[in-house]
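Input: a single structure, listed below in structure tokens.
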Amino acid sequence: MIRERRSLEERLERLEAIEDIRNLMALYCRSVDMRDQEAFLSIWQEDAVYEVPHGVADGKARISEMFHTIINNRQKLHHHTTNAAIEVEEEQATAVSDVFYYRLDMQGKSELMSGTYRDEFSKSTGQWLFKRRSFASHVTVSPIFATNNEGKRGE
Amino acid sequence: MIRERRSLEERLERLEAIEDIRNLMALYCRSVDMRDQEAFLSIWQEDAVYEVPHGVADGKARISEMFHTIINNRQKLHHHTTNAAIEVEEEQATAVSDVFYYRLDMQGKSELMSGTYRDEFSKSTGQWLFKRRSFASHVTVSPIFATNNEGKRGE
Amino acid sequence: MIRERRSLEERLERLEAIEDIRNLMALYCRSVDMRDQEAFLSIWQEDAVYEVPHGVADGKARISEMFHTIINNRQKLHHHTTNAAIEVEEEQATAVSDVFYYRLDMQGKSELMSGTYRDEFSKSTGQWLFKRRSFASHVTVSPIFATNNEGKRGE
């Protein structure tokens, strides 16, 4: 409705913002899974906030520490973002998306988990970056694969 | 090909329609998983048809009943839409997408399932809404997690 | 930045290319899972290269053979593409995406796997097609579901 009154230029910018934000979401997953610190740090604003079950990291220095806490506690991770709904309002944006992920912990236990990300993005630096990402776990009783129990039975 | 002859305005409208439809698909998942009846009902046309293995719901009143049947038979659900291919033809659209979902039934059994949605959308009310959604299960022998068997062995 | 200097027409073409490429990624999954050879072959350039753990298929004739090798070795497959990051440069494009997939082998073993696709696309024929798709497995120790072990115990 309101959208119809915008110029073609403004409407294009909104669609381009959505693509840029989808790329940030993809790069978040890829950089954690590939343990690529440089790529991971490139997606955040200096004063960004990152909330995960491990705690709240405020600012890029603490976000970097959190990244290491996460990857150092898992042998392997593979994140898959789905259901992204992105709302753009000029230089600000919000999004809700779901994530489904595989993790292999340090004891060799494989788990399949899922949750929801609530995000804020800003283009105040000239490019879209994460301003805030908050994760809430949805499937709290994590499914445990048969291989784990094989291990427990000592086979 | 045909697309090239369209005006910039028409081409933008098509891309905006695709985004609106992606949002409907995301909201479908989110509203079922969060058991949010109001959000779930907001995505359908009055005369929409919703086909699932439980049966066919014709019109919003029956779709509302189906929503309750689904959520009342599961302790927990988490849907993830993937592979959306959306075709827009002016005020009508069709789509095919895949879904991968986790469900926890009333007896505590965790399952991972997957299937395909075939959808029709319409903008006849001024905003894009579901006109029809049909679900077909793809992985019929649902993978059963180890935890279920733990339960069965009474541990 | 560079993007800002492009015409509205060029910017629209880029967004349309991204949608076309997303559709190719979706059709790849759907055609393998549905064992639809015609749809599968429609997404490749004549001289495309397809790299999977089974080997490298060079050109459409060998890609067709690879398709049959893949589907003939699995009772069932369901692929879900996620995290697509697509870069378009005029008539060429590259992409990285993740995939999460279910497979049921000929012995009745269910597995959940995941990996990453690195792709090249070209519009040299007038429509976007795969020029190269390379798959790398990410989760190499595939999670094995409880049902497999049930089978092994001969129940």
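Numbering starts fresh at 1 for the residues of each chain in the structure tokens, the chains themselves are lettered A, B, ... in the order given, and ligands are numbered from 1 as they appear.
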Find the residues of segment 23-98 of chain B that sit at most 10 Å from segment 15-25 of chain C; for each, write down the nearest two atoms and how far apart they are in Å, to one decimal. Count only C-alpha atoms. Sort by chain, then by number going up, and give it as a Markdown table.
```
| residue | atom | partner | partner_atom | distance |
| --- | --- | --- | --- | --- |
| B:Asn83 | CA | C:Met25 | CA | 7.3 |
| B:Ala84 | CA | C:Asn23 | CA | 7.5 |
| B:Ala85 | CA | C:Asn23 | CA | 5.4 |
| B:Ile86 | CA | C:Asn23 | CA | 8.0 |
| B:Glu87 | CA | C:Asn23 | CA | 9.8 |
```
Deliver the residues from the most recent selection as a file, using N, CA, C and O atoms, as a compact mmCIF listing (two decimals), in the first residue's frame.
```txt
# COMPACT_ATOMS: atom_id res chain seq x y z
N ASN B 83 13.86 -24.46 -0.96
CA ASN B 83 13.66 -24.71 -2.40
C ASN B 83 12.40 -24.07 -2.99
O ASN B 83 11.80 -24.63 -3.89
N ALA B 84 12.04 -22.89 -2.52
CA ALA B 84 10.83 -22.25 -3.04
C ALA B 84 11.04 -21.79 -4.48
O ALA B 84 12.00 -21.08 -4.78
N ALA B 85 10.16 -22.22 -5.37
CA ALA B 85 10.16 -21.76 -6.76
C ALA B 85 8.80 -21.11 -6.99
O ALA B 85 7.77 -21.79 -6.90
N ILE B 86 8.80 -19.81 -7.22
CA ILE B 86 7.56 -19.03 -7.24
C ILE B 86 7.34 -18.43 -8.63
O ILE B 86 8.23 -17.78 -9.18
N GLU B 87 6.16 -18.66 -9.20
CA GLU B 87 5.82 -18.13 -10.53
C GLU B 87 4.69 -17.13 -10.37
O GLU B 87 3.61 -17.49 -9.89
```
Long-range neighbours of Glu9 of chain B as a CSV table (one decimal) with all heavy atoms, in the first residue's frame, 10 Å cut-off, only C-alpha atoms, 6 positions minimum in chain:
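Output file result_28.csv is given in full below:
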```csv
chain,number,residue,atom,x,y,z
A,7,SER,N,9.1,5.7,-5.0
A,7,SER,CA,9.7,5.7,-6.4
A,7,SER,C,10.3,4.4,-6.8
A,7,SER,O,10.5,3.5,-5.9
A,7,SER,CB,10.8,6.8,-6.4
A,7,SER,OG,11.9,6.3,-5.6
A,8,LEU,N,10.5,4.2,-8.0
A,8,LEU,CA,11.1,2.9,-8.5
A,8,LEU,C,12.4,2.7,-7.8
A,8,LEU,O,12.8,1.6,-7.4
A,8,LEU,CB,11.3,2.9,-10.0
A,8,LEU,CG,10.0,2.9,-10.9
A,8,LEU,CD1,10.4,2.9,-12.4
A,8,LEU,CD2,9.1,1.8,-10.5
A,11,ARG,N,12.0,1.5,-4.3
A,11,ARG,CA,11.5,0.1,-4.3
A,11,ARG,C,12.7,-0.8,-4.6
A,11,ARG,O,12.8,-1.9,-4.0
A,11,ARG,CB,10.3,0.0,-5.2
A,11,ARG,CG,9.1,0.7,-4.7
A,11,ARG,CD,8.0,0.9,-5.7
A,11,ARG,NE,7.5,-0.4,-6.2
A,11,ARG,CZ,6.6,-0.5,-7.2
A,11,ARG,NH1,6.2,0.6,-7.9
A,11,ARG,NH2,6.2,-1.7,-7.6
```
- request: Pick out the residues sitting within 10 Å of segment 39-41 of chain C, and hand them over as a list in words; count only C-alpha atoms, and ignore anything fewer than 2 positions along from it in its own chain.
  value: Leu24, Leu27, Tyr28, Cys29, Arg30, Ser31, Val32, Asp33, Met34, Arg35, Asp36, Gln37, Ile43, Trp44, Gln45, Glu46, Lys60, Ala61, Ile63, Ser64 and Phe67 of chain C
Produce a file of the selected residues containing N, CA, C and O atoms, as a PDB file, in the first residue's frame.
```
ATOM      1  N   LEU C  24      16.992 -22.274 -10.299  1.00  0.00           N
ATOM      2  CA  LEU C  24      17.837 -23.382 -10.782  1.00  0.00           C
ATOM      3  C   LEU C  24      18.269 -24.262  -9.612  1.00  0.00           C
ATOM      4  O   LEU C  24      18.254 -25.496  -9.712  1.00  0.00           O
ATOM      5  N   LEU C  27      15.334 -26.326  -8.587  1.00  0.00           N
ATOM      6  CA  LEU C  27      15.007 -27.354  -9.578  1.00  0.00           C
ATOM      7  C   LEU C  27      16.033 -28.488  -9.563  1.00  0.00           C
ATOM      8  O   LEU C  27      15.682 -29.652  -9.803  1.00  0.00           O
ATOM      9  N   TYR C  28      17.274 -28.148  -9.279  1.00  0.00           N
ATOM     10  CA  TYR C  28      18.298 -29.201  -9.114  1.00  0.00           C
ATOM     11  C   TYR C  28      17.818 -30.187  -8.046  1.00  0.00           C
ATOM     12  O   TYR C  28      17.763 -31.396  -8.266  1.00  0.00           O
ATOM     13  N   CYS C  29      17.471 -29.669  -6.874  1.00  0.00           N
ATOM     14  CA  CYS C  29      17.025 -30.538  -5.769  1.00  0.00           C
ATOM     15  C   CYS C  29      15.794 -31.335  -6.163  1.00  0.00           C
ATOM     16  O   CYS C  29      15.736 -32.553  -6.000  1.00  0.00           O
ATOM     17  N   ARG C  30      14.814 -30.615  -6.672  1.00  0.00           N
ATOM     18  CA  ARG C  30      13.530 -31.260  -6.965  1.00  0.00           C
ATOM     19  C   ARG C  30      13.664 -32.342  -8.030  1.00  0.00           C
ATOM     20  O   ARG C  30      13.043 -33.401  -7.940  1.00  0.00           O
ATOM     21  N   SER C  31      14.480 -32.093  -9.056  1.00  0.00           N
ATOM     22  CA  SER C  31      14.589 -33.065 -10.148  1.00  0.00           C
ATOM     23  C   SER C  31      15.352 -34.321  -9.708  1.00  0.00           C
ATOM     24  O   SER C  31      15.027 -35.424 -10.144  1.00  0.00           O
ATOM     25  N   VAL C  32      16.354 -34.161  -8.833  1.00  0.00           N
ATOM     26  CA  VAL C  32      17.035 -35.350  -8.297  1.00  0.00           C
ATOM     27  C   VAL C  32      16.058 -36.131  -7.416  1.00  0.00           C
ATOM     28  O   VAL C  32      15.881 -37.337  -7.573  1.00  0.00           O
ATOM     29  N   ASP C  33      15.398 -35.420  -6.512  1.00  0.00           N
ATOM     30  CA  ASP C  33      14.528 -36.095  -5.537  1.00  0.00           C
ATOM     31  C   ASP C  33      13.342 -36.783  -6.210  1.00  0.00           C
ATOM     32  O   ASP C  33      12.894 -37.833  -5.767  1.00  0.00           O
ATOM     33  N   MET C  34      12.825 -36.162  -7.276  1.00  0.00           N
ATOM     34  CA  MET C  34      11.670 -36.726  -7.990  1.00  0.00           C
ATOM     35  C   MET C  34      12.112 -37.638  -9.140  1.00  0.00           C
ATOM     36  O   MET C  34      11.284 -38.150  -9.871  1.00  0.00           O
ATOM     37  N   ARG C  35      13.429 -37.795  -9.314  1.00  0.00           N
ATOM     38  CA  ARG C  35      13.982 -38.654 -10.367  1.00  0.00           C
ATOM     39  C   ARG C  35      13.475 -38.229 -11.746  1.00  0.00           C
ATOM     40  O   ARG C  35      13.135 -39.062 -12.581  1.00  0.00           O
ATOM     41  N   ASP C  36      13.473 -36.924 -11.966  1.00  0.00           N
ATOM     42  CA  ASP C  36      12.950 -36.360 -13.213  1.00  0.00           C
ATOM     43  C   ASP C  36      14.140 -35.972 -14.097  1.00  0.00           C
ATOM     44  O   ASP C  36      14.674 -34.879 -14.004  1.00  0.00           O
ATOM     45  N   GLN C  37      14.527 -36.888 -14.974  1.00  0.00           N
ATOM     46  CA  GLN C  37      15.713 -36.676 -15.813  1.00  0.00           C
ATOM     47  C   GLN C  37      15.580 -35.443 -16.708  1.00  0.00           C
ATOM     48  O   GLN C  37      16.531 -34.678 -16.880  1.00  0.00           O
ATOM     49  N   ILE C  43      18.723 -27.888 -16.623  1.00  0.00           N
ATOM     50  CA  ILE C  43      19.355 -26.807 -15.839  1.00  0.00           C
ATOM     51  C   ILE C  43      20.832 -26.592 -16.186  1.00  0.00           C
ATOM     52  O   ILE C  43      21.467 -25.692 -15.646  1.00  0.00           O
ATOM     53  N   TRP C  44      21.393 -27.430 -17.071  1.00  0.00           N
ATOM     54  CA  TRP C  44      22.835 -27.382 -17.364  1.00  0.00           C
ATOM     55  C   TRP C  44      23.126 -26.833 -18.755  1.00  0.00           C
ATOM     56  O   TRP C  44      22.419 -27.133 -19.706  1.00  0.00           O
ATOM     57  N   GLN C  45      24.260 -26.138 -18.883  1.00  0.00           N
ATOM     58  CA  GLN C  45      24.816 -25.800 -20.193  1.00  0.00           C
ATOM     59  C   GLN C  45      25.352 -27.077 -20.837  1.00  0.00           C
ATOM     60  O   GLN C  45      25.718 -28.018 -20.137  1.00  0.00           O
ATOM     61  N   GLU C  46      25.490 -27.081 -22.154  1.00  0.00           N
ATOM     62  CA  GLU C  46      26.010 -28.263 -22.867  1.00  0.00           C
ATOM     63  C   GLU C  46      27.367 -28.723 -22.313  1.00  0.00           C
ATOM     64  O   GLU C  46      27.610 -29.911 -22.151  1.00  0.00           O
ATOM     65  N   LYS C  60      27.000 -32.605 -20.852  1.00  0.00           N
ATOM     66  CA  LYS C  60      25.655 -33.066 -20.496  1.00  0.00           C
ATOM     67  C   LYS C  60      25.457 -34.578 -20.594  1.00  0.00           C
ATOM     68  O   LYS C  60      24.692 -35.147 -19.816  1.00  0.00           O
ATOM     69  N   ALA C  61      26.155 -35.235 -21.542  1.00  0.00           N
ATOM     70  CA  ALA C  61      25.972 -36.691 -21.675  1.00  0.00           C
ATOM     71  C   ALA C  61      26.457 -37.395 -20.402  1.00  0.00           C
ATOM     72  O   ALA C  61      25.773 -38.275 -19.867  1.00  0.00           O
ATOM     73  N   ILE C  63      26.846 -35.929 -17.488  1.00  0.00           N
ATOM     74  CA  ILE C  63      26.018 -35.462 -16.361  1.00  0.00           C
ATOM     75  C   ILE C  63      24.755 -36.324 -16.275  1.00  0.00           C
ATOM     76  O   ILE C  63      24.300 -36.682 -15.186  1.00  0.00           O
ATOM     77  N   SER C  64      24.227 -36.698 -17.423  1.00  0.00           N
ATOM     78  CA  SER C  64      23.053 -37.569 -17.451  1.00  0.00           C
ATOM     79  C   SER C  64      23.385 -38.939 -16.839  1.00  0.00           C
ATOM     80  O   SER C  64      22.607 -39.493 -16.045  1.00  0.00           O
ATOM     81  N   PHE C  67      23.616 -38.579 -13.091  1.00  0.00           N
ATOM     82  CA  PHE C  67      22.265 -38.502 -12.528  1.00  0.00           C
ATOM     83  C   PHE C  67      21.726 -39.916 -12.259  1.00  0.00           C
ATOM     84  O   PHE C  67      21.213 -40.212 -11.180  1.00  0.00           O
TER      85      PHE C  67
END
```
task: Find the residues around His79 of chain C up to 7 Å (only C-alpha atoms counted), leave out those fewer than 2 positions away in its own chain, and share them as a PyMOL selection string.
output: chain C and resi 29+33+77+81+99-102
Let me see the file: selected residues, N, CA and C atoms, as a PDB file, in the first residue's frame.
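Ended up saving to result-v8.pdb:
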```
ATOM      1  N   CYS C  29      17.471 -29.669  -6.874  1.00  0.00           N
ATOM      2  CA  CYS C  29      17.025 -30.538  -5.769  1.00  0.00           C
ATOM      3  C   CYS C  29      15.794 -31.335  -6.163  1.00  0.00           C
ATOM      4  N   ASP C  33      15.398 -35.420  -6.512  1.00  0.00           N
ATOM      5  CA  ASP C  33      14.528 -36.095  -5.537  1.00  0.00           C
ATOM      6  C   ASP C  33      13.342 -36.783  -6.210  1.00  0.00           C
ATOM      7  N   LEU C  77      15.739 -39.800  -1.805  1.00  0.00           N
ATOM      8  CA  LEU C  77      16.585 -38.642  -1.508  1.00  0.00           C
ATOM      9  C   LEU C  77      15.675 -37.442  -1.294  1.00  0.00           C
ATOM     10  N   THR C  81      18.166 -26.909  -0.093  1.00  0.00           N
ATOM     11  CA  THR C  81      19.207 -25.887  -0.240  1.00  0.00           C
ATOM     12  C   THR C  81      18.963 -24.737   0.740  1.00  0.00           C
ATOM     13  N   VAL C  99      23.620 -27.388   1.680  1.00  0.00           N
ATOM     14  CA  VAL C  99      22.531 -28.328   1.440  1.00  0.00           C
ATOM     15  C   VAL C  99      22.502 -29.297   2.609  1.00  0.00           C
ATOM     16  N   PHE C 100      21.283 -29.635   2.941  1.00  0.00           N
ATOM     17  CA  PHE C 100      21.063 -30.601   3.990  1.00  0.00           C
ATOM     18  C   PHE C 100      20.188 -31.655   3.313  1.00  0.00           C
ATOM     19  N   TYR C 101      20.548 -32.925   3.411  1.00  0.00           N
ATOM     20  CA  TYR C 101      19.735 -33.916   2.702  1.00  0.00           C
ATOM     21  C   TYR C 101      19.585 -35.234   3.443  1.00  0.00           C
ATOM     22  N   TYR C 102      18.466 -35.815   3.167  1.00  0.00           N
ATOM     23  CA  TYR C 102      18.090 -37.122   3.692  1.00  0.00           C
ATOM     24  C   TYR C 102      18.333 -38.123   2.587  1.00  0.00           C
TER      25      TYR C 102
END
```
- prompt: Could you pull out all residues of segment 12-121 of chain A with a DSSP call of helix (DSSP H, G or I) and give them as number ranges by chain?
  reply: A: 12-33, 37-41, 60-72
statement: Of C:Lys123, C:His80, C:Lys109, C:Arg118, the one nearest to chain B when counting only C-alpha atoms is C:His80
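Closest to chain A among B:Glu65, B:Asp119, B:Glu89, B:Asp98 is B:Asp98, based on only C-alpha atoms.
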- request: Enumerate the residues of segment 32-66 of chain B with a DSSP assignment of strand (DSSP E), computed from the backbone, and present them as a ChimeraX atom specification.
  value: /B:44-52,55-58
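Closest approach to Val56 of chain A among A:Glu13, A:Glu90, A:Met106, A:Arg132 is made by A:Arg132 (distances from only C-alpha atoms).
Note that atom CA of Arg14 of chain C and atom CA of Val49 of chain C are 24.0 Å apart.
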